[in-house]
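Asks: Contents are mmCIF, C-alpha atoms and all ligand atoms; file name input.cif:
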data_query
#
loop_
_atom_site.group_PDB
_atom_site.id
_atom_site.type_symbol
_atom_site.label_atom_id
_atom_site.label_comp_id
_atom_site.auth_asym_id
_atom_site.auth_seq_id
_atom_site.Cartn_x
_atom_site.Cartn_y
_atom_site.Cartn_z
ATOM 1 C CA MET A 1 0.000 0.000 0.000
ATOM 2 C CA SER A 2 1.101 3.616 -0.100
ATOM 3 C CA LEU A 3 0.369 6.697 1.973
ATOM 4 C CA VAL A 4 0.538 10.204 0.508
ATOM 5 C CA ILE A 5 0.623 13.130 2.933
ATOM 6 C CA VAL A 6 -0.022 16.706 1.855
ATOM 7 C CA GLY A 7 0.643 19.501 4.331
ATOM 8 C CA SER A 8 3.106 22.030 5.649
ATOM 9 C CA VAL A 9 6.838 21.738 6.135
ATOM 10 C CA ALA A 10 7.575 24.748 8.252
ATOM 11 C CA PHE A 11 9.636 26.831 10.586
ATOM 12 C CA ASP A 12 7.897 27.153 13.940
ATOM 13 C CA THR A 13 8.579 29.631 16.714
ATOM 14 C CA ILE A 14 7.359 28.078 19.929
ATOM 15 C CA GLU A 15 6.715 29.898 23.176
ATOM 16 C CA THR A 16 6.007 27.965 26.357
ATOM 17 C CA PRO A 17 5.902 29.468 29.845
ATOM 18 C CA TRP A 18 9.451 28.137 30.241
ATOM 19 C CA GLU A 19 11.214 28.622 26.957
ATOM 20 C CA ARG A 20 11.128 30.156 23.502
ATOM 21 C CA LYS A 21 12.451 28.305 20.451
ATOM 22 C CA GLU A 22 13.042 30.406 17.362
ATOM 23 C CA LYS A 23 12.329 28.983 13.886
ATOM 24 C CA ILE A 24 12.757 25.301 14.541
ATOM 25 C CA VAL A 25 11.604 22.796 11.944
ATOM 26 C CA GLY A 26 7.952 21.765 12.207
ATOM 27 C CA GLY A 27 4.881 21.618 9.990
ATOM 28 C CA SER A 28 1.871 19.325 9.776
ATOM 29 C CA CYS A 29 3.390 17.224 6.980
ATOM 30 C CA THR A 30 6.742 16.924 8.764
ATOM 31 C CA TYR A 31 5.282 15.571 11.998
ATOM 32 C CA CYS A 32 2.820 13.316 10.244
ATOM 33 C CA SER A 33 5.372 11.765 7.905
ATOM 34 C CA LEU A 34 7.943 11.225 10.657
ATOM 35 C CA ALA A 35 5.357 9.389 12.768
ATOM 36 C CA ALA A 36 4.129 7.365 9.774
ATOM 37 C CA SER A 37 7.687 6.426 8.803
ATOM 38 C CA PHE A 38 7.747 3.920 11.668
ATOM 39 C CA PHE A 39 5.176 1.838 9.795
ATOM 40 C CA THR A 40 5.493 2.585 6.087
ATOM 41 C CA ARG A 41 7.349 4.715 3.519
ATOM 42 C CA PRO A 42 5.264 7.908 3.377
ATOM 43 C CA LYS A 43 5.262 10.077 0.273
ATOM 44 C CA ILE A 44 4.971 13.793 0.945
ATOM 45 C CA VAL A 45 3.664 16.764 -1.011
ATOM 46 C CA ALA A 46 4.821 20.108 0.387
ATOM 47 C CA VAL A 47 6.776 23.247 -0.396
ATOM 48 C CA VAL A 48 9.721 24.970 1.284
ATOM 49 C CA GLY A 49 11.958 27.918 0.464
ATOM 50 C CA GLU A 50 15.646 27.954 -0.270
ATOM 51 C CA ASP A 51 16.194 28.817 3.397
ATOM 52 C CA PHE A 52 15.125 25.313 4.490
ATOM 53 C CA PRO A 53 18.181 23.512 5.926
ATOM 54 C CA LYS A 54 19.750 20.879 3.694
ATOM 55 C CA ASP A 55 20.598 18.687 6.681
ATOM 56 C CA MET A 56 16.869 18.524 7.534
ATOM 57 C CA ILE A 57 16.064 17.329 4.028
ATOM 58 C CA ASP A 58 18.762 14.679 4.423
ATOM 59 C CA PHE A 59 17.294 13.733 7.791
ATOM 60 C CA LEU A 60 13.815 13.214 6.310
ATOM 61 C CA LYS A 61 15.330 11.153 3.489
ATOM 62 C CA LYS A 62 17.194 9.018 5.978
ATOM 63 C CA LYS A 63 13.903 8.394 7.774
ATOM 64 C CA ASN A 64 12.671 6.673 4.618
ATOM 65 C CA ILE A 65 10.303 9.470 3.599
ATOM 66 C CA ASP A 66 9.734 9.857 -0.141
ATOM 67 C CA LEU A 67 10.483 13.512 -0.970
ATOM 68 C CA LYS A 68 9.681 13.451 -4.685
ATOM 69 C CA GLY A 69 6.727 15.738 -3.978
ATOM 70 C CA LEU A 70 8.700 18.263 -1.906
ATOM 71 C CA LYS A 71 9.159 21.439 -3.916
ATOM 72 C CA ILE A 72 12.004 23.810 -3.074
ATOM 73 C CA VAL A 73 11.307 27.330 -4.368
ATOM 74 C CA PRO A 74 14.522 29.098 -5.417
ATOM 75 C CA GLY A 75 14.867 32.339 -3.458
ATOM 76 C CA GLY A 76 11.651 31.554 -1.549
ATOM 77 C CA ARG A 77 11.099 31.641 2.199
ATOM 78 C CA THR A 78 9.643 28.705 4.090
ATOM 79 C CA PHE A 79 6.213 28.967 5.744
ATOM 80 C CA HIS A 80 6.524 30.200 9.340
ATOM 81 C CA TRP A 81 4.118 29.695 12.230
ATOM 82 C CA GLN A 82 4.435 31.058 15.761
ATOM 83 C CA GLY A 83 2.444 29.602 18.629
ATOM 84 C CA ARG A 84 2.207 30.296 22.336
ATOM 85 C CA TYR A 85 1.203 27.769 25.007
ATOM 86 C CA GLY A 86 -0.142 28.551 28.459
ATOM 87 C CA TYR A 87 0.528 26.544 31.606
ATOM 88 C CA ASP A 88 -2.196 24.235 30.372
ATOM 89 C CA PRO A 89 -0.586 22.578 27.314
ATOM 90 C CA ASN A 90 -4.039 22.208 25.722
ATOM 91 C CA GLN A 91 -4.283 26.005 25.546
ATOM 92 C CA ARG A 92 -2.571 27.346 22.445
ATOM 93 C CA GLU A 93 -2.767 30.627 20.615
ATOM 94 C CA THR A 94 -1.427 31.419 17.150
ATOM 95 C CA VAL A 95 0.708 34.538 17.420
ATOM 96 C CA ARG A 96 1.764 34.807 13.800
ATOM 97 C CA THR A 97 1.520 33.035 10.455
ATOM 98 C CA ASP A 98 3.785 33.945 7.514
ATOM 99 C CA LEU A 99 2.553 32.068 4.436
ATOM 100 C CA ASN A 100 5.654 32.868 2.358
ATOM 101 C CA VAL A 101 6.055 30.085 -0.271
ATOM 102 C CA PHE A 102 2.519 28.883 0.456
ATOM 103 C CA GLU A 103 1.089 32.024 -1.057
ATOM 104 C CA ASN A 104 1.603 30.848 -4.634
ATOM 105 C CA PHE A 105 1.782 27.122 -4.005
ATOM 106 C CA ARG A 106 -0.015 25.010 -6.608
ATOM 107 C CA PRO A 107 0.650 21.430 -5.571
ATOM 108 C CA GLU A 108 1.631 18.936 -8.231
ATOM 109 C CA ILE A 109 1.412 15.252 -7.448
ATOM 110 C CA PRO A 110 4.308 13.240 -8.896
ATOM 111 C CA ALA A 111 3.178 10.426 -11.231
ATOM 112 C CA SER A 112 4.375 7.797 -8.743
ATOM 113 C CA TYR A 113 1.973 9.198 -6.089
ATOM 114 C CA LYS A 114 -1.223 9.115 -8.148
ATOM 115 C CA LYS A 115 -2.274 5.621 -7.177
ATOM 116 C CA ALA A 116 -2.053 6.294 -3.422
ATOM 117 C CA ASP A 117 -4.056 3.851 -1.311
ATOM 118 C CA ILE A 118 -4.345 6.329 1.548
ATOM 119 C CA LEU A 119 -4.374 10.096 1.080
ATOM 120 C CA PHE A 120 -3.976 12.410 4.055
ATOM 121 C CA LEU A 121 -4.681 16.106 3.655
ATOM 122 C CA ALA A 122 -2.959 17.492 6.730
ATOM 123 C CA ASN A 123 -3.650 21.009 7.955
ATOM 124 C CA ILE A 124 -3.221 23.330 4.998
ATOM 125 C CA ASP A 125 -5.379 25.739 3.001
ATOM 126 C CA PRO A 126 -8.553 23.798 1.975
ATOM 127 C CA ASP A 127 -8.205 25.082 -1.603
ATOM 128 C CA ILE A 128 -4.857 23.285 -1.779
ATOM 129 C CA GLN A 129 -6.482 20.180 -0.266
ATOM 130 C CA GLU A 130 -9.148 20.293 -2.947
ATOM 131 C CA ALA A 131 -6.576 20.698 -5.729
ATOM 132 C CA ILE A 132 -4.940 17.461 -4.593
ATOM 133 C CA PHE A 133 -8.185 15.513 -4.928
ATOM 134 C CA LEU A 134 -8.301 16.351 -8.616
ATOM 135 C CA GLN A 135 -4.878 14.778 -9.163
ATOM 136 C CA VAL A 136 -5.161 11.379 -7.489
ATOM 137 C CA GLU A 137 -6.940 8.261 -8.682
ATOM 138 C CA LYS A 138 -9.538 7.121 -6.184
ATOM 139 C CA PRO A 139 -7.617 6.212 -2.973
ATOM 140 C CA ARG A 140 -8.982 3.444 -0.735
ATOM 141 C CA LEU A 141 -9.060 5.866 2.204
ATOM 142 C CA THR A 142 -8.905 9.651 2.412
ATOM 143 C CA ALA A 143 -8.451 11.683 5.566
ATOM 144 C CA MET A 144 -8.136 15.349 6.453
ATOM 145 C CA ASP A 145 -7.251 17.679 9.289
ATOM 146 C CA THR A 146 -7.883 21.399 9.616
ATOM 147 C CA ILE A 147 -7.714 24.338 12.027
ATOM 148 C CA GLY A 148 -10.008 27.135 13.179
ATOM 149 C CA LEU A 149 -8.366 29.576 10.768
ATOM 150 C CA TRP A 150 -9.757 27.697 7.733
ATOM 151 C CA ILE A 151 -13.146 26.982 9.335
ATOM 152 C CA GLN A 152 -13.558 30.731 9.756
ATOM 153 C CA SER A 153 -11.879 32.052 6.632
ATOM 154 C CA LYS A 154 -12.757 29.417 3.990
ATOM 155 C CA PRO A 155 -15.854 27.546 5.215
ATOM 156 C CA ALA A 156 -17.222 26.754 1.739
ATOM 157 C CA SER A 157 -13.965 25.202 0.488
ATOM 158 C CA LEU A 158 -13.564 23.324 3.738
ATOM 159 C CA LEU A 159 -17.069 21.829 3.571
ATOM 160 C CA ARG A 160 -16.466 20.727 -0.030
ATOM 161 C CA VAL A 161 -13.330 18.823 0.983
ATOM 162 C CA LEU A 162 -15.026 17.415 4.086
ATOM 163 C CA LYS A 163 -17.766 15.971 1.890
ATOM 164 C CA LYS A 164 -15.200 13.897 -0.001
ATOM 165 C CA VAL A 165 -13.147 12.431 2.857
ATOM 166 C CA ASP A 166 -13.608 9.241 4.880
ATOM 167 C CA VAL A 167 -11.808 10.324 8.052
ATOM 168 C CA PHE A 168 -11.832 13.745 9.724
ATOM 169 C CA PHE A 169 -9.324 14.644 12.424
ATOM 170 C CA ALA A 170 -10.210 17.645 14.582
ATOM 171 C CA ASN A 171 -9.957 18.901 18.135
ATOM 172 C CA ASP A 172 -12.916 19.752 20.346
ATOM 173 C CA GLU A 173 -12.767 23.469 19.619
ATOM 174 C CA GLU A 174 -12.717 22.917 15.841
ATOM 175 C CA VAL A 175 -15.607 20.456 15.942
ATOM 176 C CA ARG A 176 -17.690 22.893 17.989
ATOM 177 C CA MET A 177 -16.833 25.756 15.637
ATOM 178 C CA LEU A 178 -17.793 23.719 12.592
ATOM 179 C CA THR A 179 -21.113 22.434 13.916
ATOM 180 C CA ASP A 180 -22.232 25.188 16.304
ATOM 181 C CA GLU A 181 -22.817 22.407 18.807
ATOM 182 C CA ARG A 182 -21.360 22.484 22.320
ATOM 183 C CA ASN A 183 -21.905 18.822 23.160
ATOM 184 C CA LEU A 184 -19.037 16.876 21.623
ATOM 185 C CA ILE A 185 -20.996 13.672 21.050
ATOM 186 C CA LYS A 186 -23.695 15.548 19.152
ATOM 187 C CA ALA A 187 -21.034 17.582 17.324
ATOM 188 C CA GLY A 188 -19.162 14.417 16.281
ATOM 189 C CA LYS A 189 -22.386 12.861 15.004
ATOM 190 C CA LYS A 190 -23.241 16.027 13.064
ATOM 191 C CA ILE A 191 -19.899 15.802 11.278
ATOM 192 C CA LEU A 192 -20.701 12.241 10.238
ATOM 193 C CA GLY A 193 -23.595 13.810 8.357
ATOM 194 C CA LEU A 194 -21.247 16.150 6.465
ATOM 195 C CA GLY A 195 -19.316 13.428 4.649
ATOM 196 C CA PRO A 196 -16.793 11.465 6.723
ATOM 197 C CA SER A 197 -17.563 7.980 8.001
ATOM 198 C CA LEU A 198 -15.080 8.349 10.871
ATOM 199 C CA VAL A 199 -14.430 11.375 13.073
ATOM 200 C CA ILE A 200 -11.342 11.421 15.266
ATOM 201 C CA LEU A 201 -11.767 13.961 17.964
ATOM 202 C CA LYS A 202 -8.426 14.838 19.513
ATOM 203 C CA LYS A 203 -8.541 15.997 23.083
ATOM 204 C CA GLY A 204 -4.881 16.785 23.745
ATOM 205 C CA GLU A 205 -3.634 15.315 26.994
ATOM 206 C CA HIS A 206 -7.035 13.670 27.481
ATOM 207 C CA GLY A 207 -6.662 11.418 24.447
ATOM 208 C CA ALA A 208 -9.112 11.015 21.582
ATOM 209 C CA LEU A 209 -12.663 9.902 20.835
ATOM 210 C CA ILE A 210 -13.446 8.060 17.640
ATOM 211 C CA PHE A 211 -16.916 8.150 16.140
ATOM 212 C CA GLY A 212 -18.266 6.039 13.332
ATOM 213 C CA GLU A 213 -21.749 4.979 12.365
ATOM 214 C CA ASP A 214 -21.600 1.930 14.647
ATOM 215 C CA LEU A 215 -18.473 2.797 16.610
ATOM 216 C CA VAL A 216 -17.588 4.958 19.572
ATOM 217 C CA PHE A 217 -14.095 4.304 20.840
ATOM 218 C CA GLY A 218 -12.186 6.249 23.448
ATOM 219 C CA ILE A 219 -8.418 6.245 23.674
ATOM 220 C CA MET A 220 -6.424 7.906 26.404
ATOM 221 C CA ALA A 221 -3.230 9.847 25.834
ATOM 222 C CA HIS A 222 -0.140 8.081 27.108
ATOM 223 C CA PRO A 223 0.575 9.541 30.553
ATOM 224 C CA CYS A 224 3.534 11.840 30.043
ATOM 225 C CA GLU A 225 5.201 13.495 33.026
ATOM 226 C CA ASP A 226 7.137 16.045 31.083
ATOM 227 C CA VAL A 227 5.303 17.680 28.197
ATOM 228 C CA VAL A 228 8.080 19.735 26.613
ATOM 229 C CA ASP A 229 6.324 20.995 23.456
ATOM 230 C CA PRO A 230 2.803 19.870 22.441
ATOM 231 C CA THR A 231 3.261 21.066 18.843
ATOM 232 C CA GLY A 232 2.657 18.364 16.277
ATOM 233 C CA ALA A 233 0.856 15.969 18.619
ATOM 234 C CA GLY A 234 -2.233 15.947 16.404
ATOM 235 C CA ASP A 235 -0.253 15.440 13.205
ATOM 236 C CA SER A 236 1.775 12.657 14.796
ATOM 237 C CA PHE A 237 -1.441 10.990 15.931
ATOM 238 C CA ALA A 238 -2.638 11.052 12.333
ATOM 239 C CA GLY A 239 0.754 9.771 11.122
ATOM 240 C CA GLY A 240 0.781 6.829 13.538
ATOM 241 C CA PHE A 241 -2.875 6.054 12.798
ATOM 242 C CA LEU A 242 -2.645 6.167 8.996
ATOM 243 C CA GLY A 243 0.874 4.725 8.821
ATOM 244 C CA TYR A 244 -0.294 1.692 10.763
ATOM 245 C CA LEU A 245 -3.394 1.255 8.547
ATOM 246 C CA ASP A 246 -1.181 1.484 5.468
ATOM 247 C CA LYS A 247 1.015 -1.259 6.864
ATOM 248 C CA THR A 248 -1.815 -3.618 7.864
ATOM 249 C CA ARG A 249 -3.855 -2.998 4.676
ATOM 250 C CA SER A 250 -7.078 -3.448 6.584
ATOM 251 C CA PHE A 251 -9.588 -0.877 7.763
ATOM 252 C CA SER A 252 -11.551 -3.259 9.987
ATOM 253 C CA GLN A 253 -12.824 -1.964 13.331
ATOM 254 C CA LYS A 254 -10.190 -4.004 15.130
ATOM 255 C CA GLU A 255 -7.401 -2.402 13.113
ATOM 256 C CA ILE A 256 -8.936 1.065 13.466
ATOM 257 C CA ARG A 257 -8.728 0.641 17.257
ATOM 258 C CA ARG A 258 -5.127 -0.542 17.118
ATOM 259 C CA ALA A 259 -4.286 2.293 14.733
ATOM 260 C CA ALA A 260 -5.684 4.771 17.266
ATOM 261 C CA VAL A 261 -3.391 3.338 19.939
ATOM 262 C CA TYR A 262 -0.409 3.762 17.604
ATOM 263 C CA GLY A 263 -1.580 7.328 16.938
ATOM 264 C CA SER A 264 -1.600 8.044 20.629
ATOM 265 C CA VAL A 265 1.798 6.379 21.095
ATOM 266 C CA MET A 266 3.415 8.498 18.351
ATOM 267 C CA ALA A 267 1.862 11.707 19.716
ATOM 268 C CA SER A 268 3.240 10.883 23.153
ATOM 269 C CA PHE A 269 6.789 10.710 21.769
ATOM 270 C CA THR A 270 6.480 13.947 19.804
ATOM 271 C CA ILE A 271 5.653 16.041 22.869
ATOM 272 C CA GLU A 272 8.687 14.808 24.786
ATOM 273 C CA GLY A 273 10.996 17.189 22.899
ATOM 274 C CA TYR A 274 10.939 20.534 21.083
ATOM 275 C CA GLY A 275 9.895 20.379 17.441
ATOM 276 C CA ILE A 276 10.946 17.115 15.834
ATOM 277 C CA ASP A 277 13.848 16.526 18.251
ATOM 278 C CA ARG A 278 12.464 13.283 19.643
ATOM 279 C CA TYR A 279 12.511 11.733 16.166
ATOM 280 C CA LYS A 280 16.276 12.139 16.013
ATOM 281 C CA THR A 281 16.724 9.343 18.548
ATOM 282 C CA LEU A 282 13.415 7.420 18.545
ATOM 283 C CA LYS A 283 13.808 3.698 17.804
ATOM 284 C CA PRO A 284 11.155 1.228 16.515
ATOM 285 C CA ARG A 285 11.639 -0.892 19.631
ATOM 286 C CA GLU A 286 10.619 2.098 21.810
ATOM 287 C CA VAL A 287 7.429 2.425 19.754
ATOM 288 C CA ARG A 288 6.680 -1.295 20.178
ATOM 289 C CA SER A 289 7.401 -1.184 23.874
ATOM 290 C CA ARG A 290 5.154 1.832 24.485
ATOM 291 C CA PHE A 291 2.365 0.111 22.534
ATOM 292 C CA GLU A 292 2.714 -2.891 24.851
ATOM 293 C CA SER A 293 2.720 -0.765 28.015
ATOM 294 C CA PHE A 294 -0.368 1.016 26.672
ATOM 295 C CA LYS A 295 -2.165 -2.326 26.524
ATOM 296 C CA LYS A 296 -1.471 -2.902 30.204
ATOM 297 C CA LEU A 297 -2.562 0.588 31.015
ATOM 298 C CA VAL A 298 -6.027 0.270 29.521
ATOM 299 C CA SER A 299 -6.986 -3.381 29.996
ATOM 300 C CA PHE A 300 -9.057 -4.440 32.980
HETATM 301 P P1 LIG A 401 -0.563 20.362 15.648
HETATM 302 O O1 LIG A 401 0.157 20.777 16.890
HETATM 303 O O2 LIG A 401 -0.529 18.896 15.395
HETATM 304 O O3 LIG A 401 -1.939 20.937 15.545
HETATM 305 O O4 LIG A 401 0.234 21.016 14.401
HETATM 306 C C1 LIG A 401 1.178 22.026 14.522
HETATM 307 C C2 LIG A 401 1.824 22.305 13.170
HETATM 308 O O5 LIG A 401 0.875 22.910 12.271
HETATM 309 C C3 LIG A 401 2.965 23.300 13.311
HETATM 310 O O6 LIG A 401 4.205 22.638 13.148
HETATM 311 C C4 LIG A 401 2.710 24.361 12.238
HETATM 312 O O7 LIG A 401 3.825 24.602 11.407
HETATM 313 C C5 LIG A 401 1.546 23.826 11.433
HETATM 314 N N1 LIG A 401 0.613 24.902 11.093
HETATM 315 C C6 LIG A 401 0.114 25.857 11.908
HETATM 316 N N2 LIG A 401 -0.706 26.705 11.230
HETATM 317 C C7 LIG A 401 -0.718 26.259 9.934
HETATM 318 C C8 LIG A 401 -1.374 26.706 8.728
HETATM 319 N N3 LIG A 401 -2.165 27.790 8.709
HETATM 320 N N4 LIG A 401 -1.159 25.982 7.591
HETATM 321 C C9 LIG A 401 -0.364 24.915 7.598
HETATM 322 N N5 LIG A 401 0.292 24.447 8.695
HETATM 323 C C10 LIG A 401 0.116 25.113 9.851
#
Can you present the structure in this file as structure tokens?
Ligand code: AMP

Replies:
Amino acid sequence: MSLVIVGSVAFDTIETPWERKEKIVGGSCTYCSLAASFFTRPKIVAVVGEDFPKDMIDFLKKKNIDLKGLKIVPGGRTFHWQGRYGYDPNQRETVRTDLNVFENFRPEIPASYKKADILFLANIDPDIQEAIFLQVEKPRLTAMDTIGLWIQSKPASLLRVLKKVDVFFANDEEVRMLTDERNLIKAGKKILGLGPSLVILKKGEHGALIFGEDLVFGIMAHPCEDVVDPTGAGDSFAGGFLGYLDKTRSFSQKEIRRAAVYGSVMASFTIEGYGIDRYKTLKPREVRSRFESFKKLVSF
């Protein structure tokens, strides 16, 4: 099978109550593909400027990520996002967004990506997400993520994409914004009526809730004593989830549940370091071992 991920490869400036990190590598596509790379060889579609460090490109290559769809714009500047966290790591505010190379980005899917089995449209402008749909042959599974910015600024485009996807990843705030519904169960069910057959509601350090027509499944977040930087947790969840499904080639309920555990496991590693730092040392055996300890944690 093959997994294609479309999203941002970015510089992030991260402010926590304890530290500030200036322009470290991040981006929805980066986190998602790194997490997925533990299960499959993800293919990415993204854009960066000439200022994007060569050693980072080499690092992604070494992690077995297919970069044929990564465009480097000569003279361009990489997308930059700045976020600030409060003492509660679930509380985040966007301080600044510099679109830079995204402004004129028209994604082109390489020929070798067109037959993707799983397509993930990570957080990015919904018009770009829609443009991708026109270029792929019918994938077996499509999934998307978004943020409040797009729900507010491009609701029509967003709803068009939502109508076409099978899986929707969102956090509680986004789901409420999209449905005008405060109760999360009702909100999740409303989204099932807008297109997707599965809604994955991410609840930060409280885990995730998965809704399907005949499925409600709750997964806790791995207990983490030291949350260093929550950025990318959601994208890593999606990467673990979809990477695992790509590997197992089955979308049965049993595998969906296991995939959610892998999503939670990958998110728990991401937040242990700033940016993508944790992926510089993370080993497959650590992923396996955390999956096993997760089993003990939730079985009774
Ligand atoms: P997460 O913490 O999983 O929600 O994702 C955080 C990542 O999303 C950061 O690394 C940002 O670079 C990226 N991001 C934030 N805003 C945008 C945006 N408007 N478009 C694309 N990517 C974004």

Asks: Considering all atoms listed in the file, can you say which of A:Gln135, A:Ser289, A:Ser8, A:Ser153 comes closest to A:Ile109?

Replies: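 Closest candidate: A:Gln135.
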
Asks: Determine, using only C-alpha atoms and all ligand atoms, which residues of chain A have any atom at most 7 Å from an atom of ligand LIG 401 (chain A), and tabulate each with its shortest atom pair and distance in Å to one decimal place, rows ordered by chain and then rising number, as a Markdown table.

Replies:
| residue | atom | partner | partner_atom | distance |
| --- | --- | --- | --- | --- |
| A:Gly7 | CA | A:LIG401 | C9 | 6.4 |
| A:Ser8 | CA | A:LIG401 | N5 | 4.8 |
| A:Val9 | CA | A:LIG401 | O7 | 6.7 |
| A:Ala10 | CA | A:LIG401 | O7 | 4.9 |
| A:Phe11 | CA | A:LIG401 | O7 | 6.3 |
| A:Asp12 | CA | A:LIG401 | O7 | 5.4 |
| A:Gly26 | CA | A:LIG401 | O6 | 4.0 |
| A:Gly27 | CA | A:LIG401 | O6 | 3.4 |
| A:Ser28 | CA | A:LIG401 | O5 | 4.5 |
| A:His80 | CA | A:LIG401 | O7 | 6.5 |
| A:Trp81 | CA | A:LIG401 | O7 | 5.2 |
| A:Thr97 | CA | A:LIG401 | N3 | 6.6 |
| A:Asn123 | CA | A:LIG401 | C9 | 5.1 |
| A:Ile124 | CA | A:LIG401 | C9 | 4.2 |
| A:Asp125 | CA | A:LIG401 | N4 | 6.2 |
| A:Leu149 | CA | A:LIG401 | N3 | 6.8 |
| A:Pro230 | CA | A:LIG401 | O1 | 6.2 |
| A:Thr231 | CA | A:LIG401 | O1 | 3.7 |
| A:Gly232 | CA | A:LIG401 | O2 | 3.3 |
| A:Ala233 | CA | A:LIG401 | O2 | 4.6 |
| A:Gly234 | CA | A:LIG401 | O2 | 3.6 |
| A:Asp235 | CA | A:LIG401 | O2 | 4.1 |
| A:Ser236 | CA | A:LIG401 | O2 | 6.7 |

Asks: Could the residues in this selection be saved with C-alpha atoms as a tab-separated table (two decimals), in the frame of the given file?

Replies:
chain	number	residue	atom	x	y	z
A	7	GLY	CA	0.64	19.50	4.33
A	8	SER	CA	3.11	22.03	5.65
A	9	VAL	CA	6.84	21.74	6.14
A	10	ALA	CA	7.58	24.75	8.25
A	11	PHE	CA	9.64	26.83	10.59
A	12	ASP	CA	7.90	27.15	13.94
A	26	GLY	CA	7.95	21.76	12.21
A	27	GLY	CA	4.88	21.62	9.99
A	28	SER	CA	1.87	19.32	9.78
A	80	HIS	CA	6.52	30.20	9.34
A	81	TRP	CA	4.12	29.70	12.23
A	97	THR	CA	1.52	33.03	10.46
A	123	ASN	CA	-3.65	21.01	7.96
A	124	ILE	CA	-3.22	23.33	5.00
A	125	ASP	CA	-5.38	25.74	3.00
A	149	LEU	CA	-8.37	29.58	10.77
A	230	PRO	CA	2.80	19.87	22.44
A	231	THR	CA	3.26	21.07	18.84
A	232	GLY	CA	2.66	18.36	16.28
A	233	ALA	CA	0.86	15.97	18.62
A	234	GLY	CA	-2.23	15.95	16.40
A	235	ASP	CA	-0.25	15.44	13.20
A	236	SER	CA	1.78	12.66	14.80

Asks: Given 8 Å of margin on each side, can you work out the centre and size in Å (one decimal) of an axis-aligned box holding every listed atom of stretch 173-182 of chain A, as AutoDock Vina command-line options?

Replies:
--center_x -17.8 --center_y 23.1 --center_z 17.5 --size_x 26.1 --size_y 21.3 --size_z 25.7

Asks: Could you make a table, as JSON lines, of the residues of stretch 54-91 of chain A that have an atom within 8 Å of an atom of stretch 15-24 of chain A, each with its nearest atom pair and distance in Å to one decimal, counting all atoms listed in the file, in chain and number order?

Replies:
{"residue": "A:His80", "atom": "CA", "partner": "A:Lys23", "partner_atom": "CA", "distance": 7.5}
{"residue": "A:Gln82", "atom": "CA", "partner": "A:Glu15", "partner_atom": "CA", "distance": 7.8}
{"residue": "A:Gly83", "atom": "CA", "partner": "A:Glu15", "partner_atom": "CA", "distance": 6.2}
{"residue": "A:Arg84", "atom": "CA", "partner": "A:Glu15", "partner_atom": "CA", "distance": 4.6}
{"residue": "A:Tyr85", "atom": "CA", "partner": "A:Thr16", "partner_atom": "CA", "distance": 5.0}
{"residue": "A:Gly86", "atom": "CA", "partner": "A:Pro17", "partner_atom": "CA", "distance": 6.3}
{"residue": "A:Tyr87", "atom": "CA", "partner": "A:Pro17", "partner_atom": "CA", "distance": 6.4}

Asks: In Å to one decimal, how far is atom CA of A:Asp166 from atom CA of A:Ser197?

Replies: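 According to the coordinates, atom CA of A:Ser197 and atom CA of A:Asp166 are separated by 5.2 Å.
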
Asks: Run the PyMOL selection byres (((chain A and resi 31-33) around 8) and not hetatm) mentally over the shown coordinates, then write out the matched residues as a list of chain:residue names, using the chain letters and numbers from the document.

Replies: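 Selected by the PyMOL selection byres (((chain A and resi 31-33) around 8) and not hetatm) here: A:Ile5, A:Gly26, A:Gly27, A:Ser28, A:Cys29, A:Thr30, A:Leu34, A:Ala35, A:Ala36, A:Ser37, A:Pro42, A:Lys43, A:Ile44, A:Ile65, A:Ala122, A:Gly232, A:Ala233, A:Asp235, A:Ser236, A:Phe237, A:Ala238, A:Gly239, A:Gly240, A:Ile276.
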
Asks: For A:Pro196, find every residue with an atom within 9 Å (counting all atoms listed in the file), except residues of its own chain fewer than 6 positions away, and show them as a ChimeraX atom specification.

Replies: /A:143,162-168,212

Asks: How many Å lie between atom CA of A:Phe217 and atom CA of A:Pro89, rounded to one decimal?

Replies: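 According to the coordinates, atom CA of A:Phe217 and atom CA of A:Pro89 are separated by 23.6 Å.
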
Asks: Using atom CA of A:Gly76 and atom CA of A:Val4 as the two end points, give the distance in Å to one decimal.

Replies: 24.2 Å

Asks: For this structure, which residues satisfy the selection - the PyMOL selection byres (((chain A and resi 199-205) around 10) and not hetatm) - when it is evaluated on the file as given? I want them as number ranges by chain.

Replies: A: 88-91, 143-145, 166-175, 184-185, 187-192, 195-198, 206-213, 216-224, 227, 230, 233-234, 237-238, 260, 264, 267-268

Asks: Mind telling me what the PyMOL selection byres (((chain A and resi 101) around 8) and not hetatm) catches here, as a ChimeraX atom specification?

Replies: /A:47-49,73,76-79,99-100,102-105

Asks: Counting all atoms listed in the file, find residues at most 12 Å from (-8.2, 5.6, -6.2) (file frame) and give them as a CSV table (one decimal) with C-alpha atoms, in the coordinates of the input.

Replies:
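Output file part23.csv follows:
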chain,number,residue,atom,x,y,z
A,1,MET,CA,0.0,0.0,0.0
A,2,SER,CA,1.1,3.6,-0.1
A,3,LEU,CA,0.4,6.7,2.0
A,4,VAL,CA,0.5,10.2,0.5
A,113,TYR,CA,2.0,9.2,-6.1
A,114,LYS,CA,-1.2,9.1,-8.1
A,115,LYS,CA,-2.3,5.6,-7.2
A,116,ALA,CA,-2.1,6.3,-3.4
A,117,ASP,CA,-4.1,3.9,-1.3
A,118,ILE,CA,-4.3,6.3,1.5
A,119,LEU,CA,-4.4,10.1,1.1
A,133,PHE,CA,-8.2,15.5,-4.9
A,134,LEU,CA,-8.3,16.4,-8.6
A,135,GLN,CA,-4.9,14.8,-9.2
A,136,VAL,CA,-5.2,11.4,-7.5
A,137,GLU,CA,-6.9,8.3,-8.7
A,138,LYS,CA,-9.5,7.1,-6.2
A,139,PRO,CA,-7.6,6.2,-3.0
A,140,ARG,CA,-9.0,3.4,-0.7
A,141,LEU,CA,-9.1,5.9,2.2
A,142,THR,CA,-8.9,9.7,2.4
